[in-house]
Every structure is written in C-alpha cells, then in structure tokens.
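Visitor: Quick one: the structure is below, questions incoming.
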Amino acid sequence: MNGTERFPAPLMLLIRVNLLQGWRRLLAVREQSRLLTSVILAFIIGYWWLSFMLFYRGLRFIGNFPGLGDVLVERLLYLLFAFLFVMLLFSNIVIGYTNLFRNRETQFLLTMPVSSQTIFRWKFIESSVLASWAFLFLIAPLLVAYGLNQHAPWHFYALTIVLVVLFIVLPTVVGSWFAITLARFMDRRVFQLSAIGSAIMVLIVATVYLQPEDVPEELLDTRVLGLMDRLLMRTNFAQHPLWPSYWLSSSVLQWQEGAIMAAGFFVLVLLSNVLFFGFLSFTYTGGPFYDAASAVQSRGSLFGHWEWFRDRENRKPKFTFPRGVAETMLGWIPGMPADIRALMAKDARVFWRDTTQWGQTLMLFGLLGVYIINLRHFSQQLANPFWVHLVSYLNLFACSLNLATLTTRFVYPQFSLEGKRLWIIGMAPLGMVRVVKAKFFMATVASLMVTLGLMGLSCHMLQLEWERTFYFSSSILVMSLTLNALSIGLGVLYPNFKEENPTKIVSGFGGTFCLVLSFLYIVASVVILAIGSPFSRVTELSMNVMMGCWLGFLVLSALIGWVPLSLALHRAEDFEV
C-alpha cells in the first residue's frame, strides 16, 4: 500500500456506502419488473398532478374573494408552515430516537473505531432524510401552485428549494436534542412527572386557546374586515417572529411580491440559525449522544425508581411463562386456535415493547383528540344543508386518511419485522399462509376499533342523523378492509427483512407505493360516494346512478384490496425460508 494513500473520512464513507446501497436497491427493483416500476412511477406522477390541481384551484378560489383573497392566502401559508414545523419536530423526535438508540447499525458503529460525533452526524443526516421526505413530497405541489397563481418569476422556485432545504434542518436539530434528552433522563422520576405534567398543560392550553371566537350577529352584516380579524385572531400565533416557519413564509411571500431586501433579511435570519445550531450539532453533540446511548443500553426499566414497580417485580413468580394482558384478552375470543392466539400475542408484545411504535400511536391519537374537540365547536355553525353535506364527506375523507396513516405506518411493516426469524414461524405447523391471514385479521380488528369509533363520534359531534351515521360507518368499514388488505399484501410482496426500523421499512419503495395507492383510493372512493349520495339535496339522482356509484365503490375496493392480498397469499404459499 502506498504510504501517501489516504482513507476516506468515516462520515463520507458511511454516506457513500448508503447511497450506493440505495442505488443498487433501486436498480434491483427496476430489474424485477419494469412494468410494475412504470406503474408505480405513473401513480407517483398522478399523485403530484392531482395534488397540484387541488392546491392550484383551491388557492385560486380563495384568491378570488374581493379584498380578502390575498389576506386569506397569506394567512393559510403561515398556518401551513407552522403546523408542518410542529409535525416535522415530532417526526424527528420519534425517528431520531429510533435511529440513535434503537438501531443495530448504531450499536455496531459504537463498537468500531469511529468517534461518537461522527456516528451522530451520520444518524443526524439519515434522520433528516427519513423524517422530511414526506414533507417535501407534500409541499412541492403546493409551492408550485402558489407560484403559478401569483405569476412568480423563475428564480422564485429556485429560492424556494433552498429555503425548504434550510428549513428542515432546524426541526432535525431540535428533534435530535429532544431525543437525546429523553434517552438520557427517561428513567428519572422527576423527568417522568415533569413530562406528564407538561403534556397535560399543553393539552389544556391548546383546548382553551382553540375555543372559537363568538361573533355578534350585528357584526355579520356591517364590518367585514373587523369580522375577519376576529375570526382569524386564533391564528396569530403562526405569525410570531420567533417561529422558523415565519421566516420561511415571510421569505416566500416577500420574494414573490418583489420585496427583495425584506425577503433577503428573512433568508439571512433562517440561514444564520441553521448555521449556528447546525454547527453546535455537528461539533458538540457527540459526547451527550454517547452518554445517552450508554444510559439506554444499561438501564433495566423506565420505572425502576418507583417503589411500587420494584414491589410488583419482586412479587412475580420466577421461571414461569408470563400470561400478560395480550394473552388474557385474546383468550376471551371463542374458537380461536392456540397457534393463532400465540402469534397475535407475540405481535402485541413486540408492539408494546417498542417505544417508538406506541409513542407515535399516542401522538396520532392526540391529533385525533384535537380534531374531535374542534368538531364540537364547528358543528354549531352548520345550518345550510349544502354545508352539512359537504362537511360530512370532508369528515369521511379525514377519517379515511387517518386510517391510511395507521395501515401504512403500522400494518405494512408487520411482515418485514419478522426479519431473519421468519424461518421459525415458517417452519411452524400453522404455515406461512395462516400467518399472513392472522396478521390481516388482527390489523383489521384493531383498525376497525379505532375508525368506527372515530366515525361514530365525529358524526355525533356533527349532529348527523342515524341514517347518515350508518351510511358513513358502512363506508369506513369497507375502506378499512381494503386498506388493511392492501398494506398486508404489499408488505408481503415487497418485504425488507434486512431492516428492523419500521420507519425505514415504510420509507422504502413498497411503503411509498402503498401510501400513494392508499391516497388515490381514498380520493376516488370519497368522490364516488359523494356523487352517489342518497342524502344530497343539491341534485336529484336516480336510483340507477346511486346504485352504479355504490357498485363502483365496491368493485374499486375489491380490486385495490383483494388483488394484492390474494397475490400475497400465493407468494406466502411458495415462500422459501
């Protein structure tokens, strides 16, 4: 070996190796089936086109309000980026915690002659990509639609790309610091009590703050600007100058309006914060990360400091197979075979032991709680039958999107999470086909408990009649079966046994395809059901039209759900372990 030859830096080596692996996976997928790859690309392009058209027409509709259109569009942009910043923050906390402390690659690198700072830098970059790709996927059609609506020049789009790339760094920095703090002090009693108290306080403040503004009836016919100001008063938080989303929104708005100096100021504010906090993360976070990783690997239990937990552990009988809550609840189901019950109990235990899995579930249910709370106030303003009809289908769309989030995030990776231990289940007497059917049954029952309850509660909040409640509940039932079958089927057809991180499994080729196909199915189903609605008073429909729409919805559901599941069962039957 030449003495002057230099090895690449460890960070660059990790980046190059992972990019090469990703490129080879992409080529392998293309070589497996060019037709299927073309179909998936067509779906992705169709999703972008549909999102662009919806955003374009929506912004155009809002902008046509005389005297108020520009104000409403501006406020919507501020709100959008503020909520996306919060969502990116939560996503980075969950993904960052998983990548830094629950990842086999991280544990392997910690034993290698690689500095902890280098490991943190690589995981920081990886977490940023995993947490932000969906954000970029969503925001790109919106910004293009906004630029075309406002007749923005070409350099507006170039600046927007730079701003978005800078913007996603800040929630990644804050999320990684939160994840390290959580891992380092999670087992402290004071930290646990403080976290629970802070969560309760935030929920109370959000509930009080989101109370709707009461508007006197005499104001409805007089001062329009004063009325709009009172109605939008609760959204002023999105325009606080300390929010990074405010810097991004102001840069975009000022640059589009031609105020280059004002836009440049906010660009420099965003850039300076990214450079400062990014420099701190890349230079001084290796030590705290190593301490947190050591604490996670050495702690026995999160509740080890609590006396009641130690007494409970001491009272447990020794050397006996534990019969937990999962086994007890599954034992109540009559006629369930013992092998299926054992498989479901295993999946339930694995889900509960993974902090990131049930942590994301709690976040999702928290967002659903906020949605339900606001529905209670929103329903008081519905008096026109047209708006009742429109809002009821928007509620169906929201509930089905929540269902798609659950199935794509938690159901799709179930088969892949078996990993290299799949041969144990494959060689068991129950067989691989029954394993797939059992996972489909368990996922469907769990999602129906959530979606049917959510649909019934939201219909009650909207004060809909029982006929409409039954109609929407039946629709969400069919959609639950379809989306679970789609997620399980694609999860078997496109498994990833080399990865134990569910987020990375979902972020792969098959997970993206599942997400896009779920979204397109939801849009098509809601449109078909809205056209064939028996409760519409705007247009009188014939029975043939309604029956055709219902039949089309059932046929579409059967194709989207039954075809992938049947292909998955055939592949599981011939699956070589």
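By convention in this document, the chains of the structure tokens carry letters A, B, ... by their order, each chain's residues are numbered from 1, and ligands are numbered from 1 in the order they are shown.
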I need the residues of segment 49-79 of chain A that end up classed as alpha helix (DSSP H) by DSSP on the backbone, written out as a PyMOL selection string.

Guide: chain A and resi 49-63+69-79

Visitor: Need the shell around segment 544-558 of chain A: protein/DNA/RNA residues with any atom at most 8 Å away, counting only C-alpha atoms. Skip same-chain ones fewer than 6 positions apart. Format as a count of residues only?

Guide: 11

Visitor: Find the residues around Asp574 of chain A up to 12 Å (only C-alpha atoms counted), leave out those fewer than 3 positions away in its own chain, and share them as number ranges by chain.

Guide: A: 426, 431-433, 492, 567-571, 577

Visitor: So the first atom is atom CA of Ala179 of chain A and the second is atom CA of Gly96 of chain A; what is the distance between them in Å, to one decimal place?

Guide: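 Separation of atom CA of Ala179 of chain A and atom CA of Gly96 of chain A: 6.2 Å.
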
Visitor: So that I can check the surroundings of Leu248 of chain A, please list as a list in words every protein, DNA and RNA residue that reaches within 10 Å of it, counting only C-alpha atoms and ignoring chain neighbours fewer than 5 positions away.

Guide: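 Residues meeting the cut-off are Leu77, Tyr78, Phe81, Ala82, Thr160, Leu163, Val164, Leu166, Phe167, Trp243, Leu253, Ala263, Phe266, Val267, Val269 and Leu270 of chain A.
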
Visitor: Generate a file of the selected residues that holds N, CA, C and O atoms, formatted as a CSV table (one decimal), in the first residue's frame.

Guide:
```
chain,number,residue,atom,x,y,z
A,77,LEU,N,-50.7,30.3,4.3
A,77,LEU,CA,-49.3,29.9,4.2
A,77,LEU,C,-48.6,29.9,5.6
A,77,LEU,O,-47.8,29.0,5.9
A,78,TYR,N,-48.9,30.9,6.3
A,78,TYR,CA,-48.3,31.0,7.7
A,78,TYR,C,-48.7,29.8,8.5
A,78,TYR,O,-47.9,29.2,9.2
A,81,PHE,N,-47.1,26.3,7.2
A,81,PHE,CA,-45.7,26.1,7.6
A,81,PHE,C,-45.5,25.9,9.1
A,81,PHE,O,-44.6,25.2,9.5
A,82,ALA,N,-46.4,26.6,9.9
A,82,ALA,CA,-46.3,26.5,11.3
A,82,ALA,C,-46.7,25.1,11.7
A,82,ALA,O,-45.9,24.4,12.5
A,160,THR,N,-37.1,29.0,-3.4
A,160,THR,CA,-38.0,28.2,-2.5
A,160,THR,C,-37.3,26.8,-2.2
A,160,THR,O,-37.4,26.3,-1.1
A,163,LEU,N,-34.7,27.4,0.5
A,163,LEU,CA,-35.3,27.8,1.8
A,163,LEU,C,-35.9,26.5,2.4
A,163,LEU,O,-35.8,26.3,3.6
A,164,VAL,N,-36.5,25.7,1.7
A,164,VAL,CA,-37.1,24.4,2.2
A,164,VAL,C,-36.0,23.5,2.7
A,164,VAL,O,-36.1,22.9,3.8
A,166,LEU,N,-33.1,24.5,3.9
A,166,LEU,CA,-32.6,25.1,5.1
A,166,LEU,C,-33.6,24.9,6.2
A,166,LEU,O,-33.2,24.6,7.4
A,167,PHE,N,-34.9,24.9,5.9
A,167,PHE,CA,-35.9,24.9,6.9
A,167,PHE,C,-36.0,23.5,7.7
A,167,PHE,O,-36.2,23.5,8.9
A,243,TRP,N,-40.9,32.1,15.3
A,243,TRP,CA,-41.1,30.8,14.7
A,243,TRP,C,-40.2,30.7,13.4
A,243,TRP,O,-40.2,31.6,12.6
A,253,LEU,N,-43.2,34.9,0.7
A,253,LEU,CA,-44.2,35.9,0.4
A,253,LEU,C,-43.5,37.2,-0.1
A,253,LEU,O,-44.0,37.8,-1.1
A,263,ALA,N,-37.2,40.1,1.8
A,263,ALA,CA,-37.0,38.7,1.7
A,263,ALA,C,-35.6,38.2,2.0
A,263,ALA,O,-35.4,37.2,2.7
A,266,PHE,N,-35.1,37.9,5.9
A,266,PHE,CA,-35.6,36.6,6.5
A,266,PHE,C,-34.8,35.4,6.0
A,266,PHE,O,-34.6,34.5,6.7
A,267,VAL,N,-34.3,35.5,4.8
A,267,VAL,CA,-33.4,34.4,4.3
A,267,VAL,C,-32.1,34.3,5.2
A,267,VAL,O,-31.7,33.3,5.6
A,269,VAL,N,-31.8,35.5,8.2
A,269,VAL,CA,-32.2,35.0,9.6
A,269,VAL,C,-32.3,33.5,9.6
A,269,VAL,O,-31.8,32.8,10.6
A,270,LEU,N,-33.0,32.9,8.7
A,270,LEU,CA,-33.1,31.5,8.6
A,270,LEU,C,-31.7,30.8,8.4
A,270,LEU,O,-31.4,29.8,9.1
```

Visitor: Contacts of Trp255 of chain A at 10 Å or less, counting only C-alpha atoms, minus same-chain residues fewer than 5 places along, as a PDB file with N, CA, C and O atoms, in the first residue's frame?

Guide:
```pdb
ATOM      1  N   ALA A 152     -45.296  34.130 -10.296  1.00  0.00           N
ATOM      2  CA  ALA A 152     -43.963  34.366  -9.755  1.00  0.00           C
ATOM      3  C   ALA A 152     -42.904  34.122 -10.826  1.00  0.00           C
ATOM      4  O   ALA A 152     -43.090  33.283 -11.719  1.00  0.00           O
ATOM      5  N   PRO A 153     -41.766  34.825 -10.758  1.00  0.00           N
ATOM      6  CA  PRO A 153     -40.688  34.601 -11.727  1.00  0.00           C
ATOM      7  C   PRO A 153     -39.979  33.278 -11.472  1.00  0.00           C
ATOM      8  O   PRO A 153     -40.182  32.623 -10.451  1.00  0.00           O
ATOM      9  N   HIS A 155     -36.907  32.573 -10.684  1.00  0.00           N
ATOM     10  CA  HIS A 155     -35.995  32.470  -9.549  1.00  0.00           C
ATOM     11  C   HIS A 155     -36.727  32.274  -8.235  1.00  0.00           C
ATOM     12  O   HIS A 155     -36.108  31.938  -7.222  1.00  0.00           O
ATOM     13  N   PHE A 156     -38.054  32.468  -8.224  1.00  0.00           N
ATOM     14  CA  PHE A 156     -38.845  32.191  -7.021  1.00  0.00           C
ATOM     15  C   PHE A 156     -38.768  30.707  -6.668  1.00  0.00           C
ATOM     16  O   PHE A 156     -38.622  30.345  -5.488  1.00  0.00           O
ATOM     17  N   LEU A 159     -35.239  29.802  -5.270  1.00  0.00           N
ATOM     18  CA  LEU A 159     -35.091  30.245  -3.882  1.00  0.00           C
ATOM     19  C   LEU A 159     -35.904  29.380  -2.936  1.00  0.00           C
ATOM     20  O   LEU A 159     -35.459  29.048  -1.824  1.00  0.00           O
ATOM     21  N   THR A 160     -37.085  28.967  -3.366  1.00  0.00           N
ATOM     22  CA  THR A 160     -37.951  28.155  -2.509  1.00  0.00           C
ATOM     23  C   THR A 160     -37.295  26.818  -2.191  1.00  0.00           C
ATOM     24  O   THR A 160     -37.383  26.336  -1.054  1.00  0.00           O
ATOM     25  N   SER A 249     -42.062  31.481   5.621  1.00  0.00           N
ATOM     26  CA  SER A 249     -43.254  32.041   4.969  1.00  0.00           C
ATOM     27  C   SER A 249     -43.011  33.477   4.529  1.00  0.00           C
ATOM     28  O   SER A 249     -43.390  33.874   3.415  1.00  0.00           O
ATOM     29  N   SER A 250     -42.385  34.276   5.393  1.00  0.00           N
ATOM     30  CA  SER A 250     -42.132  35.680   5.040  1.00  0.00           C
ATOM     31  C   SER A 250     -41.168  35.782   3.867  1.00  0.00           C
ATOM     32  O   SER A 250     -41.332  36.649   2.991  1.00  0.00           O
ATOM     33  N   ILE A 260     -37.290  42.349  -2.459  1.00  0.00           N
ATOM     34  CA  ILE A 260     -36.087  41.518  -2.389  1.00  0.00           C
ATOM     35  C   ILE A 260     -35.324  41.760  -1.089  1.00  0.00           C
ATOM     36  O   ILE A 260     -34.818  40.818  -0.458  1.00  0.00           O
ATOM     37  N   MET A 261     -35.224  43.017  -0.657  1.00  0.00           N
ATOM     38  CA  MET A 261     -34.472  43.319   0.555  1.00  0.00           C
ATOM     39  C   MET A 261     -35.133  42.700   1.787  1.00  0.00           C
ATOM     40  O   MET A 261     -34.450  42.121   2.649  1.00  0.00           O
ATOM     41  N   ALA A 262     -36.455  42.813   1.884  1.00  0.00           N
ATOM     42  CA  ALA A 262     -37.161  42.220   3.024  1.00  0.00           C
ATOM     43  C   ALA A 262     -37.056  40.704   2.998  1.00  0.00           C
ATOM     44  O   ALA A 262     -36.846  40.059   4.040  1.00  0.00           O
ATOM     45  N   ALA A 263     -37.183  40.120   1.813  1.00  0.00           N
ATOM     46  CA  ALA A 263     -37.046  38.671   1.710  1.00  0.00           C
ATOM     47  C   ALA A 263     -35.628  38.227   2.042  1.00  0.00           C
ATOM     48  O   ALA A 263     -35.425  37.205   2.717  1.00  0.00           O
ATOM     49  N   GLY A 264     -34.644  38.986   1.584  1.00  0.00           N
ATOM     50  CA  GLY A 264     -33.262  38.651   1.908  1.00  0.00           C
ATOM     51  C   GLY A 264     -32.969  38.688   3.394  1.00  0.00           C
ATOM     52  O   GLY A 264     -32.162  37.887   3.904  1.00  0.00           O
ATOM     53  N   VAL A 267     -34.264  35.485   4.770  1.00  0.00           N
ATOM     54  CA  VAL A 267     -33.400  34.400   4.311  1.00  0.00           C
ATOM     55  C   VAL A 267     -32.134  34.335   5.157  1.00  0.00           C
ATOM     56  O   VAL A 267     -31.691  33.255   5.578  1.00  0.00           O
TER      57      VAL A 267
END
```

Visitor: Set the distance at 10 Å and use only C-alpha atoms: which residues neighbour Thr172 of chain A once local chain neighbours fewer than 5 positions away are removed? I'd like the list as a PyMOL selection string.

Guide: chain A and resi 88-93+95-96+124-125+127-129+131-132+167+177-178+278+281

Visitor: Residues of the last selection are to be written out with N, CA and C atoms, as an mmCIF file, in the first residue's frame.

Guide:
```
data_model
loop_
_atom_site.group_PDB
_atom_site.id
_atom_site.type_symbol
_atom_site.label_atom_id
_atom_site.label_comp_id
_atom_site.auth_asym_id
_atom_site.auth_seq_id
_atom_site.Cartn_x
_atom_site.Cartn_y
_atom_site.Cartn_z
ATOM 1 N N LEU A 88 -42.962 18.132 11.697
ATOM 2 C CA LEU A 88 -41.583 17.724 11.461
ATOM 3 C C LEU A 88 -40.824 17.536 12.770
ATOM 4 N N LEU A 89 -41.117 18.379 13.751
ATOM 5 C CA LEU A 89 -40.458 18.263 15.046
ATOM 6 C C LEU A 89 -40.793 16.940 15.714
ATOM 7 N N PHE A 90 -42.087 16.601 15.768
ATOM 8 C CA PHE A 90 -42.487 15.326 16.364
ATOM 9 C C PHE A 90 -41.907 14.149 15.577
ATOM 10 N N SER A 91 -41.940 14.246 14.266
ATOM 11 C CA SER A 91 -41.412 13.161 13.442
ATOM 12 C C SER A 91 -39.918 12.971 13.683
ATOM 13 N N ASN A 92 -39.177 14.061 13.826
ATOM 14 C CA ASN A 92 -37.742 13.947 14.071
ATOM 15 C C ASN A 92 -37.441 13.414 15.458
ATOM 16 N N ILE A 93 -38.284 13.722 16.444
ATOM 17 C CA ILE A 93 -38.075 13.170 17.781
ATOM 18 C C ILE A 93 -38.206 11.654 17.749
ATOM 19 N N ILE A 95 -38.215 9.521 15.024
ATOM 20 C CA ILE A 95 -37.249 8.878 14.136
ATOM 21 C C ILE A 95 -35.830 9.032 14.679
ATOM 22 N N GLY A 96 -35.516 10.198 15.252
ATOM 23 C CA GLY A 96 -34.195 10.392 15.818
ATOM 24 C C GLY A 96 -33.921 9.460 16.983
ATOM 25 N N PHE A 124 -27.791 11.894 12.206
ATOM 26 C CA PHE A 124 -28.490 13.167 12.028
ATOM 27 C C PHE A 124 -28.922 13.340 10.578
ATOM 28 N N ILE A 125 -28.013 13.080 9.648
ATOM 29 C CA ILE A 125 -28.348 13.204 8.223
ATOM 30 C C ILE A 125 -29.411 12.181 7.837
ATOM 31 N N SER A 127 -31.674 10.673 9.761
ATOM 32 C CA SER A 127 -32.967 11.012 10.364
ATOM 33 C C SER A 127 -33.623 12.177 9.642
ATOM 34 N N SER A 128 -32.816 13.144 9.220
ATOM 35 C CA SER A 128 -33.366 14.285 8.497
ATOM 36 C C SER A 128 -34.020 13.851 7.192
ATOM 37 N N VAL A 129 -33.378 12.942 6.483
ATOM 38 C CA VAL A 129 -33.940 12.462 5.209
ATOM 39 C C VAL A 129 -35.208 11.652 5.453
ATOM 40 N N ALA A 131 -37.292 11.720 7.990
ATOM 41 C CA ALA A 131 -38.399 12.487 8.563
ATOM 42 C C ALA A 131 -38.943 13.541 7.609
ATOM 43 N N SER A 132 -38.168 13.928 6.600
ATOM 44 C CA SER A 132 -38.550 15.085 5.783
ATOM 45 C C SER A 132 -38.984 14.737 4.372
ATOM 46 N N PHE A 167 -34.870 24.942 5.926
ATOM 47 C CA PHE A 167 -35.920 24.886 6.947
ATOM 48 C C PHE A 167 -35.969 23.536 7.653
ATOM 49 N N TRP A 177 -31.965 16.784 19.693
ATOM 50 C CA TRP A 177 -31.664 17.166 21.076
ATOM 51 C C TRP A 177 -32.731 16.666 22.034
ATOM 52 N N PHE A 178 -33.978 16.742 21.618
ATOM 53 C CA PHE A 178 -35.061 16.202 22.440
ATOM 54 C C PHE A 178 -34.887 14.699 22.627
ATOM 55 N N GLY A 278 -26.790 24.133 13.532
ATOM 56 C CA GLY A 278 -26.185 23.006 12.841
ATOM 57 C C GLY A 278 -24.734 22.808 13.235
ATOM 58 N N SER A 281 -24.659 21.104 16.584
ATOM 59 C CA SER A 281 -24.991 19.679 16.492
ATOM 60 C C SER A 281 -23.837 18.874 15.913
#
```

Visitor: One number please: atom CA of Ala345 of chain A to atom CA of Thr106 of chain A, in Å, one decimal.

Guide: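 Distance between the two atoms: 28.9 Å.
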
Visitor: How far is it from atom CA of Cys459 of chain A to atom CA of Trp562 of chain A, in Å with one decimal?

Guide: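 Atom CA of Cys459 of chain A sits 28.8 Å away from atom CA of Trp562 of chain A.
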
Visitor: For Ala348 of chain A, which residue out of A:Tyr284, A:Ile161, A:Ala524, A:Lys439 is the nearest one, using only C-alpha atoms?

Guide: A:Lys439
